[in-house]
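Source file: structure-v1.pdb. Holds: PDB, C-alpha atoms, pLDDT in the B column.
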```
ATOM      1  CA  MET A   1     -14.021  -0.707  -8.635  1.00 50.00           C
ATOM      2  CA  LEU A   2     -13.466   2.901  -7.624  1.00 49.00           C
ATOM      3  CA  ARG A   3     -15.424   4.526 -10.437  1.00 46.00           C
ATOM      4  CA  SER A   4     -18.682   4.688  -8.469  1.00 45.00           C
ATOM      5  CA  ILE A   5     -17.410   7.743  -6.599  1.00 44.00           C
ATOM      6  CA  PHE A   6     -16.035   9.617  -9.628  1.00 42.00           C
ATOM      7  CA  PHE A   7     -18.620  12.371  -9.893  1.00 37.00           C
ATOM      8  CA  SER A   8     -18.780  13.100  -6.161  1.00 41.00           C
ATOM      9  CA  LEU A   9     -14.979  13.328  -6.050  1.00 42.00           C
ATOM     10  CA  CYS A  10     -14.903  15.746  -8.943  1.00 44.00           C
ATOM     11  CA  LEU A  11     -17.146  18.060  -6.956  1.00 35.00           C
ATOM     12  CA  LEU A  12     -14.514  18.194  -4.224  1.00 39.00           C
ATOM     13  CA  GLY A  13     -11.940  19.631  -6.610  1.00 40.00           C
ATOM     14  CA  ALA A  14      -8.257  18.961  -6.329  1.00 38.00           C
ATOM     15  CA  MET A  15      -5.424  20.587  -4.465  1.00 37.00           C
ATOM     16  CA  ALA A  16      -2.090  21.093  -6.210  1.00 37.00           C
ATOM     17  CA  PRO A  17       0.422  19.834  -3.681  1.00 38.00           C
ATOM     18  CA  ALA A  18       4.160  19.965  -4.113  1.00 41.00           C
ATOM     19  CA  ALA A  19       5.809  16.663  -4.970  1.00 52.00           C
ATOM     20  CA  PHE A  20       6.142  14.411  -1.922  1.00 59.00           C
ATOM     21  CA  ALA A  21       4.154  16.620   0.460  1.00 77.00           C
ATOM     22  CA  GLY A  22       2.699  14.574   3.318  1.00 93.00           C
ATOM     23  CA  GLN A  23      -1.055  14.398   3.691  1.00 97.00           C
ATOM     24  CA  SER A  24      -2.754  16.284   6.532  1.00 96.00           C
ATOM     25  CA  ALA A  25      -6.395  15.345   5.965  1.00 96.00           C
ATOM     26  CA  ILE A  26      -6.574  12.005   7.831  1.00 97.00           C
ATOM     27  CA  LEU A  27      -5.169  11.500  11.327  1.00 97.00           C
ATOM     28  CA  GLY A  28      -4.708   7.954  12.642  1.00 98.00           C
ATOM     29  CA  PHE A  29      -4.851   4.521  11.022  1.00 98.00           C
ATOM     30  CA  GLU A  30      -8.143   3.393  12.563  1.00 97.00           C
ATOM     31  CA  PHE A  31      -9.893   6.534  11.315  1.00 98.00           C
ATOM     32  CA  ALA A  32      -8.382   6.034   7.859  1.00 98.00           C
ATOM     33  CA  ARG A  33      -9.459   2.389   7.742  1.00 96.00           C
ATOM     34  CA  GLU A  34     -13.028   2.770   8.987  1.00 95.00           C
ATOM     35  CA  SER A  35     -13.991   6.188   7.608  1.00 96.00           C
ATOM     36  CA  TRP A  36     -12.019   6.417   4.363  1.00 95.00           C
ATOM     37  CA  PHE A  37     -10.491   3.168   3.123  1.00 95.00           C
ATOM     38  CA  TRP A  38     -13.459   0.795   3.343  1.00 92.00           C
ATOM     39  CA  PRO A  39     -16.437   3.132   2.799  1.00 90.00           C
ATOM     40  CA  LEU A  40     -14.899   5.129  -0.060  1.00 86.00           C
ATOM     41  CA  PHE A  41     -12.569   2.721  -1.847  1.00 81.00           C
ATOM     42  CA  TYR A  42     -14.039  -0.728  -1.463  1.00 83.00           C
ATOM     43  CA  ASP A  43     -17.693  -0.393  -0.504  1.00 80.00           C
ATOM     44  CA  ILE A  44     -18.649  -2.565  -3.482  1.00 82.00           C
ATOM     45  CA  GLY A  45     -15.700  -4.946  -3.183  1.00 85.00           C
ATOM     46  CA  GLY A  46     -12.424  -5.204  -5.025  1.00 89.00           C
ATOM     47  CA  GLU A  47      -9.278  -7.296  -5.383  1.00 93.00           C
ATOM     48  CA  THR A  48      -6.604  -8.058  -2.808  1.00 96.00           C
ATOM     49  CA  LEU A  49      -3.084  -6.866  -3.531  1.00 97.00           C
ATOM     50  CA  TYR A  50      -0.838  -9.833  -2.796  1.00 98.00           C
ATOM     51  CA  CYS A  51      -3.052 -12.658  -4.059  1.00 97.00           C
ATOM     52  CA  GLY A  52      -5.411 -10.952  -6.498  1.00 96.00           C
ATOM     53  CA  TYR A  53      -8.477 -12.480  -4.823  1.00 94.00           C
ATOM     54  CA  ALA A  54     -11.851 -10.850  -5.427  1.00 92.00           C
ATOM     55  CA  PHE A  55     -13.713  -9.870  -2.262  1.00 90.00           C
ATOM     56  CA  GLY A  56     -17.228  -8.765  -1.406  1.00 84.00           C
ATOM     57  CA  ILE A  57     -18.891  -5.703   0.024  1.00 76.00           C
ATOM     58  CA  ARG A  58     -17.314  -3.942   2.981  1.00 63.00           C
ATOM     59  CA  GLU A  59     -19.801  -5.331   5.519  1.00 65.00           C
ATOM     60  CA  GLN A  60     -18.419  -8.801   4.801  1.00 66.00           C
ATOM     61  CA  ARG A  61     -14.789  -8.025   3.999  1.00 85.00           C
ATOM     62  CA  THR A  62     -14.219 -11.561   2.806  1.00 85.00           C
ATOM     63  CA  THR A  63     -13.124 -13.029  -0.505  1.00 85.00           C
ATOM     64  CA  VAL A  64     -15.429 -15.170  -2.590  1.00 76.00           C
ATOM     65  CA  ASP A  65     -13.551 -18.173  -1.147  1.00 82.00           C
ATOM     66  CA  GLY A  66     -14.113 -17.058   2.441  1.00 86.00           C
ATOM     67  CA  PHE A  67     -10.748 -15.463   3.287  1.00 91.00           C
ATOM     68  CA  ARG A  68     -10.868 -12.458   5.616  1.00 92.00           C
ATOM     69  CA  VAL A  69      -9.690  -9.203   4.046  1.00 94.00           C
ATOM     70  CA  VAL A  70      -7.703  -6.691   6.108  1.00 95.00           C
ATOM     71  CA  VAL A  71      -5.694  -3.525   5.482  1.00 97.00           C
ATOM     72  CA  GLU A  72      -1.935  -3.705   4.906  1.00 98.00           C
ATOM     73  CA  HIS A  73       0.727  -0.993   5.128  1.00 99.00           C
ATOM     74  CA  ALA A  74       3.147  -1.451   2.230  1.00 99.00           C
ATOM     75  CA  TYR A  75       5.709   0.427   4.338  1.00 99.00           C
ATOM     76  CA  PRO A  76       5.014  -1.172   7.744  1.00 98.00           C
ATOM     77  CA  ALA A  77       3.612   0.982  10.541  1.00 98.00           C
ATOM     78  CA  ALA A  78       6.234  -0.415  12.925  1.00 98.00           C
ATOM     79  CA  TRP A  79       9.008   0.891  10.678  1.00 98.00           C
ATOM     80  CA  ILE A  80       7.389   4.334  10.623  1.00 98.00           C
ATOM     81  CA  ALA A  81       7.120   4.347  14.421  1.00 98.00           C
ATOM     82  CA  GLU A  82      10.777   3.390  14.744  1.00 98.00           C
ATOM     83  CA  ALA A  83      11.822   6.143  12.331  1.00 98.00           C
ATOM     84  CA  ARG A  84       9.844   8.674  14.384  1.00 97.00           C
ATOM     85  CA  GLY A  85      11.548   7.630  17.602  1.00 98.00           C
ATOM     86  CA  CYS A  86       8.610   5.705  19.077  1.00 98.00           C
ATOM     87  CA  ARG A  87       8.986   2.465  21.016  1.00 94.00           C
ATOM     88  CA  SER A  88       5.938   0.922  19.326  1.00 94.00           C
ATOM     89  CA  GLU A  89       3.290   1.812  16.792  1.00 95.00           C
ATOM     90  CA  ILE A  90       0.516   1.252  19.358  1.00 93.00           C
ATOM     91  CA  ARG A  91       1.682   4.001  21.697  1.00 92.00           C
ATOM     92  CA  CYS A  92       3.168   6.406  19.172  1.00 97.00           C
ATOM     93  CA  SER A  93       1.498   9.809  19.562  1.00 96.00           C
ATOM     94  CA  ASP A  94       3.875  11.598  17.197  1.00 97.00           C
ATOM     95  CA  GLU A  95       1.759  13.656  14.791  1.00 96.00           C
ATOM     96  CA  VAL A  96       3.823  12.876  11.702  1.00 97.00           C
ATOM     97  CA  PHE A  97       3.489   9.164  12.515  1.00 98.00           C
ATOM     98  CA  GLN A  98      -0.289   9.494  12.861  1.00 98.00           C
ATOM     99  CA  TYR A  99      -0.585  11.147   9.455  1.00 98.00           C
ATOM    100  CA  ALA A 100       1.876   8.755   7.813  1.00 98.00           C
ATOM    101  CA  VAL A 101       0.116   5.563   8.957  1.00 99.00           C
ATOM    102  CA  ALA A 102      -3.171   6.998   7.672  1.00 98.00           C
ATOM    103  CA  ASP A 103      -1.809   7.890   4.227  1.00 98.00           C
ATOM    104  CA  LEU A 104      -4.032   6.120   1.714  1.00 97.00           C
ATOM    105  CA  HIS A 105      -1.202   5.696  -0.788  1.00 98.00           C
ATOM    106  CA  ASN A 106       0.350   3.174   1.619  1.00 99.00           C
ATOM    107  CA  LEU A 107      -2.814   1.173   2.398  1.00 98.00           C
ATOM    108  CA  TRP A 108      -3.921  -1.927   0.470  1.00 98.00           C
ATOM    109  CA  PRO A 109      -6.501  -4.721   0.909  1.00 96.00           C
ATOM    110  CA  VAL A 110      -4.928  -8.140   1.532  1.00 97.00           C
ATOM    111  CA  ILE A 111      -6.080 -11.442   2.980  1.00 96.00           C
ATOM    112  CA  SER A 112      -5.212 -11.793   6.654  1.00 96.00           C
ATOM    113  CA  SER A 113      -2.936 -14.813   6.184  1.00 96.00           C
ATOM    114  CA  ALA A 114      -0.819 -12.903   3.658  1.00 97.00           C
ATOM    115  CA  ARG A 115      -0.497  -9.937   6.003  1.00 98.00           C
ATOM    116  CA  SER A 116       0.584 -12.250   8.817  1.00 97.00           C
ATOM    117  CA  ALA A 117       3.096 -13.990   6.546  1.00 97.00           C
ATOM    118  CA  ARG A 118       4.663 -10.705   5.480  1.00 98.00           C
ATOM    119  CA  GLY A 119       4.658  -9.172   8.978  1.00 97.00           C
ATOM    120  CA  GLU A 120       7.474  -6.623   9.058  1.00 96.00           C
ATOM    121  CA  LEU A 121       9.785  -8.500   6.694  1.00 97.00           C
ATOM    122  CA  VAL A 122      11.456  -6.569   3.909  1.00 97.00           C
ATOM    123  CA  PHE A 123      10.605  -7.321   0.308  1.00 97.00           C
ATOM    124  CA  GLY A 124      13.175  -9.003  -1.878  1.00 95.00           C
ATOM    125  CA  GLU A 125      13.662 -11.237  -4.883  1.00 93.00           C
ATOM    126  CA  GLY A 126      14.815 -14.826  -5.154  1.00 88.00           C
ATOM    127  CA  SER A 127      17.490 -16.066  -7.513  1.00 78.00           C
ATOM    128  CA  GLY A 128      15.034 -17.816  -9.831  1.00 61.00           C
ATOM    129  CA  GLY A 129      11.358 -18.197 -10.627  1.00 55.00           C
ATOM    130  CA  GLY A 130       9.411 -20.254  -8.109  1.00 54.00           C
ATOM    131  CA  THR A 131      12.175 -20.251  -5.488  1.00 74.00           C
ATOM    132  CA  GLY A 132      11.437 -19.790  -1.825  1.00 87.00           C
ATOM    133  CA  ARG A 133       8.734 -21.250   0.386  1.00 92.00           C
ATOM    134  CA  LEU A 134       5.106 -20.437  -0.377  1.00 94.00           C
ATOM    135  CA  THR A 135       3.476 -18.627   2.554  1.00 94.00           C
ATOM    136  CA  GLY A 136       0.276 -16.686   3.132  1.00 95.00           C
ATOM    137  CA  ARG A 137      -1.163 -18.481   0.075  1.00 95.00           C
ATOM    138  CA  CYS A 138       0.577 -16.258  -2.480  1.00 96.00           C
ATOM    139  CA  LEU A 139       3.849 -14.858  -1.103  1.00 97.00           C
ATOM    140  CA  ARG A 140       7.281 -16.467  -1.243  1.00 96.00           C
ATOM    141  CA  ARG A 141       9.527 -16.440   1.807  1.00 96.00           C
ATOM    142  CA  HIS A 142      13.244 -16.631   1.151  1.00 94.00           C
ATOM    143  CA  GLU A 143      16.086 -17.115   3.609  1.00 89.00           C
ATOM    144  CA  ASP A 144      19.115 -14.961   2.860  1.00 80.00           C
ATOM    145  CA  ALA A 145      22.062 -17.346   2.472  1.00 72.00           C
ATOM    146  CA  SER A 146      24.460 -14.590   3.524  1.00 74.00           C
ATOM    147  CA  GLY A 147      22.826 -14.352   6.934  1.00 73.00           C
ATOM    148  CA  GLY A 148      20.794 -11.238   6.214  1.00 77.00           C
ATOM    149  CA  GLY A 149      17.561 -12.795   7.446  1.00 88.00           C
ATOM    150  CA  ALA A 150      14.320 -13.704   5.715  1.00 94.00           C
ATOM    151  CA  PHE A 151      12.567 -11.629   3.082  1.00 96.00           C
ATOM    152  CA  ILE A 152       9.272 -11.801   1.205  1.00 97.00           C
ATOM    153  CA  GLU A 153       8.764 -11.844  -2.551  1.00 97.00           C
ATOM    154  CA  PRO A 154       5.339 -10.788  -3.928  1.00 97.00           C
ATOM    155  CA  ARG A 155       3.959 -11.858  -7.286  1.00 96.00           C
ATOM    156  CA  ASP A 156       5.424 -10.080 -10.307  1.00 96.00           C
ATOM    157  CA  ALA A 157       2.166  -8.314 -11.209  1.00 97.00           C
ATOM    158  CA  VAL A 158       2.223  -6.139  -8.076  1.00 98.00           C
ATOM    159  CA  LYS A 159       5.929  -5.538  -7.545  1.00 98.00           C
ATOM    160  CA  GLY A 160       5.680  -2.130  -9.177  1.00 98.00           C
ATOM    161  CA  ASP A 161       2.584  -1.175  -7.170  1.00 99.00           C
ATOM    162  CA  LEU A 162       4.370  -1.986  -3.918  1.00 99.00           C
ATOM    163  CA  ALA A 163       7.551  -0.243  -5.023  1.00 98.00           C
ATOM    164  CA  ARG A 164       5.727   2.995  -5.795  1.00 98.00           C
ATOM    165  CA  SER A 165       3.886   2.943  -2.466  1.00 98.00           C
ATOM    166  CA  ILE A 166       7.101   2.417  -0.513  1.00 99.00           C
ATOM    167  CA  LEU A 167       9.169   4.914  -2.511  1.00 98.00           C
ATOM    168  CA  TYR A 168       6.422   7.498  -1.989  1.00 98.00           C
ATOM    169  CA  MET A 169       6.432   6.914   1.769  1.00 98.00           C
ATOM    170  CA  MET A 170      10.221   7.065   1.976  1.00 98.00           C
ATOM    171  CA  GLU A 171      10.438  10.386   0.196  1.00 96.00           C
ATOM    172  CA  THR A 172       7.286  11.970   1.606  1.00 97.00           C
ATOM    173  CA  TYR A 173       7.954  11.225   5.273  1.00 98.00           C
ATOM    174  CA  ASP A 174      11.761  10.973   5.162  1.00 97.00           C
ATOM    175  CA  LEU A 175      11.741   7.279   6.045  1.00 98.00           C
ATOM    176  CA  PRO A 176      14.758   4.949   5.761  1.00 98.00           C
ATOM    177  CA  ALA A 177      15.114   2.773   2.668  1.00 97.00           C
ATOM    178  CA  ARG A 178      16.313  -0.282   4.637  1.00 96.00           C
ATOM    179  CA  GLY A 179      18.498  -1.309   1.727  1.00 94.00           C
ATOM    180  CA  LEU A 180      15.548  -1.554  -0.667  1.00 96.00           C
ATOM    181  CA  GLU A 181      15.868   1.515  -2.868  1.00 97.00           C
ATOM    182  CA  ASN A 182      17.675  -0.037  -5.850  1.00 98.00           C
ATOM    183  CA  LEU A 183      15.329  -3.039  -5.884  1.00 98.00           C
ATOM    184  CA  LEU A 184      12.238  -0.846  -5.598  1.00 98.00           C
ATOM    185  CA  ARG A 185      13.337   1.419  -8.418  1.00 98.00           C
ATOM    186  CA  ARG A 186      13.927  -1.608 -10.627  1.00 98.00           C
ATOM    187  CA  TRP A 187      10.465  -2.979  -9.796  1.00 98.00           C
ATOM    188  CA  HIS A 188       9.031   0.457 -10.572  1.00 98.00           C
ATOM    189  CA  ASP A 189      10.657   0.363 -14.028  1.00 98.00           C
ATOM    190  CA  GLU A 190       9.815  -3.268 -14.801  1.00 98.00           C
ATOM    191  CA  ASP A 191       6.163  -3.112 -13.690  1.00 98.00           C
ATOM    192  CA  PRO A 192       4.861   0.344 -14.697  1.00 97.00           C
ATOM    193  CA  PRO A 193       1.516   1.754 -13.469  1.00 97.00           C
ATOM    194  CA  ASP A 194      -1.624   0.501 -15.178  1.00 96.00           C
ATOM    195  CA  GLU A 195      -4.978   2.282 -15.506  1.00 94.00           C
ATOM    196  CA  THR A 196      -6.281   0.911 -12.196  1.00 92.00           C
ATOM    197  CA  GLU A 197      -3.264   2.235 -10.298  1.00 96.00           C
ATOM    198  CA  ARG A 198      -3.507   5.625 -12.008  1.00 96.00           C
ATOM    199  CA  TRP A 199      -7.203   5.773 -11.127  1.00 93.00           C
ATOM    200  CA  ARG A 200      -6.415   4.915  -7.506  1.00 93.00           C
ATOM    201  CA  ASN A 201      -3.852   7.732  -7.428  1.00 95.00           C
ATOM    202  CA  PHE A 202      -6.446  10.117  -8.890  1.00 94.00           C
ATOM    203  CA  VAL A 203      -9.002   9.189  -6.223  1.00 91.00           C
ATOM    204  CA  ILE A 204      -6.539   9.482  -3.345  1.00 94.00           C
ATOM    205  CA  GLU A 205      -5.410  12.916  -4.489  1.00 94.00           C
ATOM    206  CA  ARG A 206      -8.986  14.136  -4.303  1.00 91.00           C
ATOM    207  CA  LEU A 207      -9.611  12.561  -0.937  1.00 92.00           C
ATOM    208  CA  GLN A 208      -6.479  13.513   0.986  1.00 94.00           C
ATOM    209  CA  GLY A 209      -5.005  16.202  -1.245  1.00 94.00           C
ATOM    210  CA  THR A 210      -1.762  14.481  -2.243  1.00 95.00           C
ATOM    211  CA  ARG A 211      -0.741  12.349  -5.183  1.00 95.00           C
ATOM    212  CA  ASN A 212       2.034   9.832  -5.671  1.00 97.00           C
ATOM    213  CA  PRO A 213       4.432  11.404  -8.209  1.00 96.00           C
ATOM    214  CA  TYR A 214       5.707   7.951  -9.194  1.00 97.00           C
ATOM    215  CA  ILE A 215       2.326   7.264 -10.813  1.00 97.00           C
ATOM    216  CA  GLY A 216       1.272   9.118 -13.949  1.00 86.00           C
ATOM    217  CA  PRO A 217      -2.024  10.990 -14.289  1.00 85.00           C
ATOM    218  CA  TRP A 218      -5.286   9.190 -14.897  1.00 77.00           C
ATOM    219  CA  VAL A 219      -7.109  10.299 -18.047  1.00 70.00           C
ATOM    220  CA  ALA A 220     -10.897   9.995 -18.144  1.00 66.00           C
ATOM    221  CA  PRO A 221     -12.159   7.906 -21.081  1.00 68.00           C
ATOM    222  CA  PRO A 222     -13.954   9.841 -23.845  1.00 61.00           C
TER     223      PRO A 222
END
```
Would you mind writing the file out in structure tokens?
Amino acid sequence: MLRSIFFSLCLLGAMAPAAFAGQSAILGFEFARESWFWPLFYDIGGETLYCGYAFGIREQRTTVDGFRVVVEHAYPAAWIAEARGCRSEIRCSDEVFQYAVADLHNLWPVISSARSARGELVFGEGSGGGTGRLTGRCLRRHEDASGGGAFIEPRDAVKGDLARSILYMMETYDLPARGLENLLRRWHDEDPPDETERWRNFVIERLQGTRNPYIGPWVAPP
């Protein structure tokens, strides 16, 4: 879905950033969403992260079944604001926060009900397949029996994608792991990057100048 911009991106060239260097090309989430994410990534449509639903052109931003598609932070913006000492993400003027929430490696298309269901809950894993309560059409909400609160489990096919986004954000912007690091590293190992994820990483590096080191290089087909 991203291949339509391949040749124009190649003309931009690529920077060679150090591992886990924060991006400094895009300032602010709204600017990232309206000027980079939709017009450059998904202008001809794509697939939502959590549910895997196909959606139409960016003017519609709806799935073929009529669900509204929005942009999700894998590492929530509210967590970033808190880590930067801000009272809320809405009023956080901290420059590092503004670059972090605009980092394309952390942004994904999802249906609005799934984003609402996840909210700011941590990701986790139930004790068995199919456990937990279905929410947001494709996520599973679990209640921690030990009193640790609720957590959200995504489908297996995207656990690695989410893990790599969150691990990248943690290490790039010095963000807290919130007890997730061991789980995320396991998801990273169990669900390795596929060609689509490597291509996404390739595109983002050329747009904002940074790559996610957890994702291997994309190799152009012969």
Problem - Which of A:Ser112, A:His73, A:Gly119, A:Phe29 sits closest to Ile90 in chain A [using only C-alpha atoms] - result: A:Phe29
Residues matched by the PyMOL selection byres ((chain A and resi 168) around 10) as a short mmCIF file (atom, residue, chain, number, x, y, z; two decimals) with C-alpha atoms, keeping the file's coordinate frame:
```cif
data_model
loop_
_atom_site.label_atom_id
_atom_site.label_comp_id
_atom_site.auth_asym_id
_atom_site.auth_seq_id
_atom_site.Cartn_x
_atom_site.Cartn_y
_atom_site.Cartn_z
CA ALA A 19 5.81 16.66 -4.97
CA PHE A 20 6.14 14.41 -1.92
CA ALA A 21 4.15 16.62 0.46
CA GLY A 22 2.70 14.57 3.32
CA TYR A 75 5.71 0.43 4.34
CA HIS A 105 -1.20 5.70 -0.79
CA ASN A 106 0.35 3.17 1.62
CA LEU A 162 4.37 -1.99 -3.92
CA ALA A 163 7.55 -0.24 -5.02
CA ARG A 164 5.73 3.00 -5.80
CA SER A 165 3.89 2.94 -2.47
CA ILE A 166 7.10 2.42 -0.51
CA LEU A 167 9.17 4.91 -2.51
CA MET A 169 6.43 6.91 1.77
CA MET A 170 10.22 7.06 1.98
CA GLU A 171 10.44 10.39 0.20
CA THR A 172 7.29 11.97 1.61
CA TYR A 173 7.95 11.22 5.27
CA ASP A 174 11.76 10.97 5.16
CA LEU A 175 11.74 7.28 6.04
CA ARG A 211 -0.74 12.35 -5.18
CA ASN A 212 2.03 9.83 -5.67
CA PRO A 213 4.43 11.40 -8.21
CA TYR A 214 5.71 7.95 -9.19
CA ILE A 215 2.33 7.26 -10.81
#
```
Identify all residues satisfying the PyMOL selection byres ((chain A and resi 192-202) around 7) in the given file; provide them as a short mmCIF file (atom, residue, chain, number, x, y, z; two decimals) with C-alpha atoms, keeping the file's coordinate frame.
```cif
data_model
loop_
_atom_site.label_atom_id
_atom_site.label_comp_id
_atom_site.auth_asym_id
_atom_site.auth_seq_id
_atom_site.Cartn_x
_atom_site.Cartn_y
_atom_site.Cartn_z
CA GLY A 160 5.68 -2.13 -9.18
CA HIS A 188 9.03 0.46 -10.57
CA ASP A 189 10.66 0.36 -14.03
CA GLU A 190 9.82 -3.27 -14.80
CA ASP A 191 6.16 -3.11 -13.69
CA VAL A 203 -9.00 9.19 -6.22
CA ILE A 204 -6.54 9.48 -3.34
CA GLU A 205 -5.41 12.92 -4.49
CA ARG A 206 -8.99 14.14 -4.30
CA ARG A 211 -0.74 12.35 -5.18
CA ASN A 212 2.03 9.83 -5.67
CA ILE A 215 2.33 7.26 -10.81
CA GLY A 216 1.27 9.12 -13.95
CA PRO A 217 -2.02 10.99 -14.29
CA TRP A 218 -5.29 9.19 -14.90
#
```
Exercise for the section: Record the distance separating CA of Asp65 in chain A and CA of Tyr50 in chain A, expressed in Å with one decimal. Expected result: 15.3 Å
Practice task
Name the residues that the PyMOL selection byres ((chain A and resi 70) around 8) pulls out of this structure, and write them as a list in words.
Solution key: Arg61, Arg68, Val69, Val71, Glu72, Pro109, Val110, Ile111, Ser112 and Arg115 of chain A
Fill in the blank from the handout: From the list A:Ala78, A:Leu183, A:Ala114, A:Ile26, the nearest residue to Gly126 in chain A using only C-alpha atoms is A:Leu183
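Nearest residue to Glu95 in chain A among A:Ser146, A:Ser116, A:Ser24, A:Thr63 is A:Ser24, counting only C-alpha atoms.
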Exercise for the section: Name the residues in contact with range 132-138 of chain A at a cut-off of 12 Å, using all atoms listed in the file, excluding same-chain residues fewer than 2 positions from it; report them as JSON, numbers by chain. Expected result: {"A": [48, 49, 50, 51, 52, 53, 67, 110, 111, 112, 113, 114, 115, 116, 117, 118, 119, 124, 125, 126, 127, 128, 129, 130, 140, 141, 142, 143, 144, 145, 150, 151, 152, 153, 154, 155, 156, 157, 158]}
Handout entry: Gap from CA of Ile57 in chain A to CA of Ser35 in chain A - Å, one decimal
Key = 14.9 Å
Fill in the blank from the handout: Expressed in Å, the length from CA of Gln98 in chain A to CA of Pro76 in chain A is 13.0 Å
Enclosing box along x, y and z for every listed atom of range 80-89 of chain A, padded 6 Å each side, centre and size in Å, one decimal, as lines of an AutoDock Vina configuration file:
```
center_x = 7.6
center_y = 4.8
center_z = 15.8
size_x = 20.5
size_y = 19.8
size_z = 22.4
```
Could you give me range 153-169 of chain A completed to N, CA and C atoms, formatted as a PDB file, in the coordinates of the input?
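out-v8.pdb was written with the following content:
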```pdb
ATOM      1  N   GLU A 153       8.893 -12.220  -1.144  1.00 97.00           N
ATOM      2  CA  GLU A 153       8.764 -11.844  -2.551  1.00 97.00           C
ATOM      3  C   GLU A 153       7.298 -11.907  -2.969  1.00 97.00           C
ATOM      4  N   PRO A 154       6.716 -10.782  -3.437  1.00 97.00           N
ATOM      5  CA  PRO A 154       5.339 -10.788  -3.928  1.00 97.00           C
ATOM      6  C   PRO A 154       5.288 -11.260  -5.377  1.00 97.00           C
ATOM      7  N   ARG A 155       4.099 -11.461  -5.885  1.00 96.00           N
ATOM      8  CA  ARG A 155       3.959 -11.858  -7.286  1.00 96.00           C
ATOM      9  C   ARG A 155       4.405 -10.704  -8.196  1.00 96.00           C
ATOM     10  N   ASP A 156       4.857 -11.066  -9.393  1.00 96.00           N
ATOM     11  CA  ASP A 156       5.424 -10.080 -10.307  1.00 96.00           C
ATOM     12  C   ASP A 156       4.447  -8.959 -10.645  1.00 96.00           C
ATOM     13  N   ALA A 157       3.162  -9.281 -10.748  1.00 97.00           N
ATOM     14  CA  ALA A 157       2.166  -8.314 -11.209  1.00 97.00           C
ATOM     15  C   ALA A 157       1.979  -7.132 -10.279  1.00 97.00           C
ATOM     16  N   VAL A 158       2.428  -7.243  -9.021  1.00 98.00           N
ATOM     17  CA  VAL A 158       2.223  -6.139  -8.076  1.00 98.00           C
ATOM     18  C   VAL A 158       3.538  -5.590  -7.515  1.00 98.00           C
ATOM     19  N   LYS A 159       4.642  -6.045  -8.048  1.00 98.00           N
ATOM     20  CA  LYS A 159       5.929  -5.538  -7.545  1.00 98.00           C
ATOM     21  C   LYS A 159       6.057  -4.033  -7.761  1.00 98.00           C
ATOM     22  N   GLY A 160       5.619  -3.561  -8.908  1.00 98.00           N
ATOM     23  CA  GLY A 160       5.680  -2.130  -9.177  1.00 98.00           C
ATOM     24  C   GLY A 160       4.751  -1.333  -8.285  1.00 98.00           C
ATOM     25  N   ASP A 161       3.549  -1.850  -8.048  1.00 99.00           N
ATOM     26  CA  ASP A 161       2.584  -1.175  -7.170  1.00 99.00           C
ATOM     27  C   ASP A 161       3.174  -0.979  -5.774  1.00 99.00           C
ATOM     28  N   LEU A 162       3.756  -2.050  -5.242  1.00 99.00           N
ATOM     29  CA  LEU A 162       4.370  -1.986  -3.918  1.00 99.00           C
ATOM     30  C   LEU A 162       5.563  -1.035  -3.914  1.00 99.00           C
ATOM     31  N   ALA A 163       6.374  -1.111  -4.950  1.00 98.00           N
ATOM     32  CA  ALA A 163       7.551  -0.243  -5.023  1.00 98.00           C
ATOM     33  C   ALA A 163       7.157   1.224  -4.987  1.00 98.00           C
ATOM     34  N   ARG A 164       6.133   1.586  -5.745  1.00 98.00           N
ATOM     35  CA  ARG A 164       5.727   2.995  -5.795  1.00 98.00           C
ATOM     36  C   ARG A 164       5.131   3.461  -4.470  1.00 98.00           C
ATOM     37  N   SER A 165       4.409   2.590  -3.789  1.00 98.00           N
ATOM     38  CA  SER A 165       3.886   2.943  -2.466  1.00 98.00           C
ATOM     39  C   SER A 165       5.023   3.207  -1.487  1.00 98.00           C
ATOM     40  N   ILE A 166       6.005   2.307  -1.479  1.00 99.00           N
ATOM     41  CA  ILE A 166       7.101   2.417  -0.513  1.00 99.00           C
ATOM     42  C   ILE A 166       8.016   3.590  -0.843  1.00 99.00           C
ATOM     43  N   LEU A 167       8.340   3.777  -2.120  1.00 98.00           N
ATOM     44  CA  LEU A 167       9.169   4.914  -2.511  1.00 98.00           C
ATOM     45  C   LEU A 167       8.492   6.230  -2.151  1.00 98.00           C
ATOM     46  N   TYR A 168       7.186   6.303  -2.365  1.00 98.00           N
ATOM     47  CA  TYR A 168       6.422   7.498  -1.989  1.00 98.00           C
ATOM     48  C   TYR A 168       6.540   7.767  -0.494  1.00 98.00           C
ATOM     49  N   MET A 169       6.362   6.736   0.319  1.00 98.00           N
ATOM     50  CA  MET A 169       6.432   6.914   1.769  1.00 98.00           C
ATOM     51  C   MET A 169       7.832   7.330   2.206  1.00 98.00           C
TER      52      MET A 169
END
```
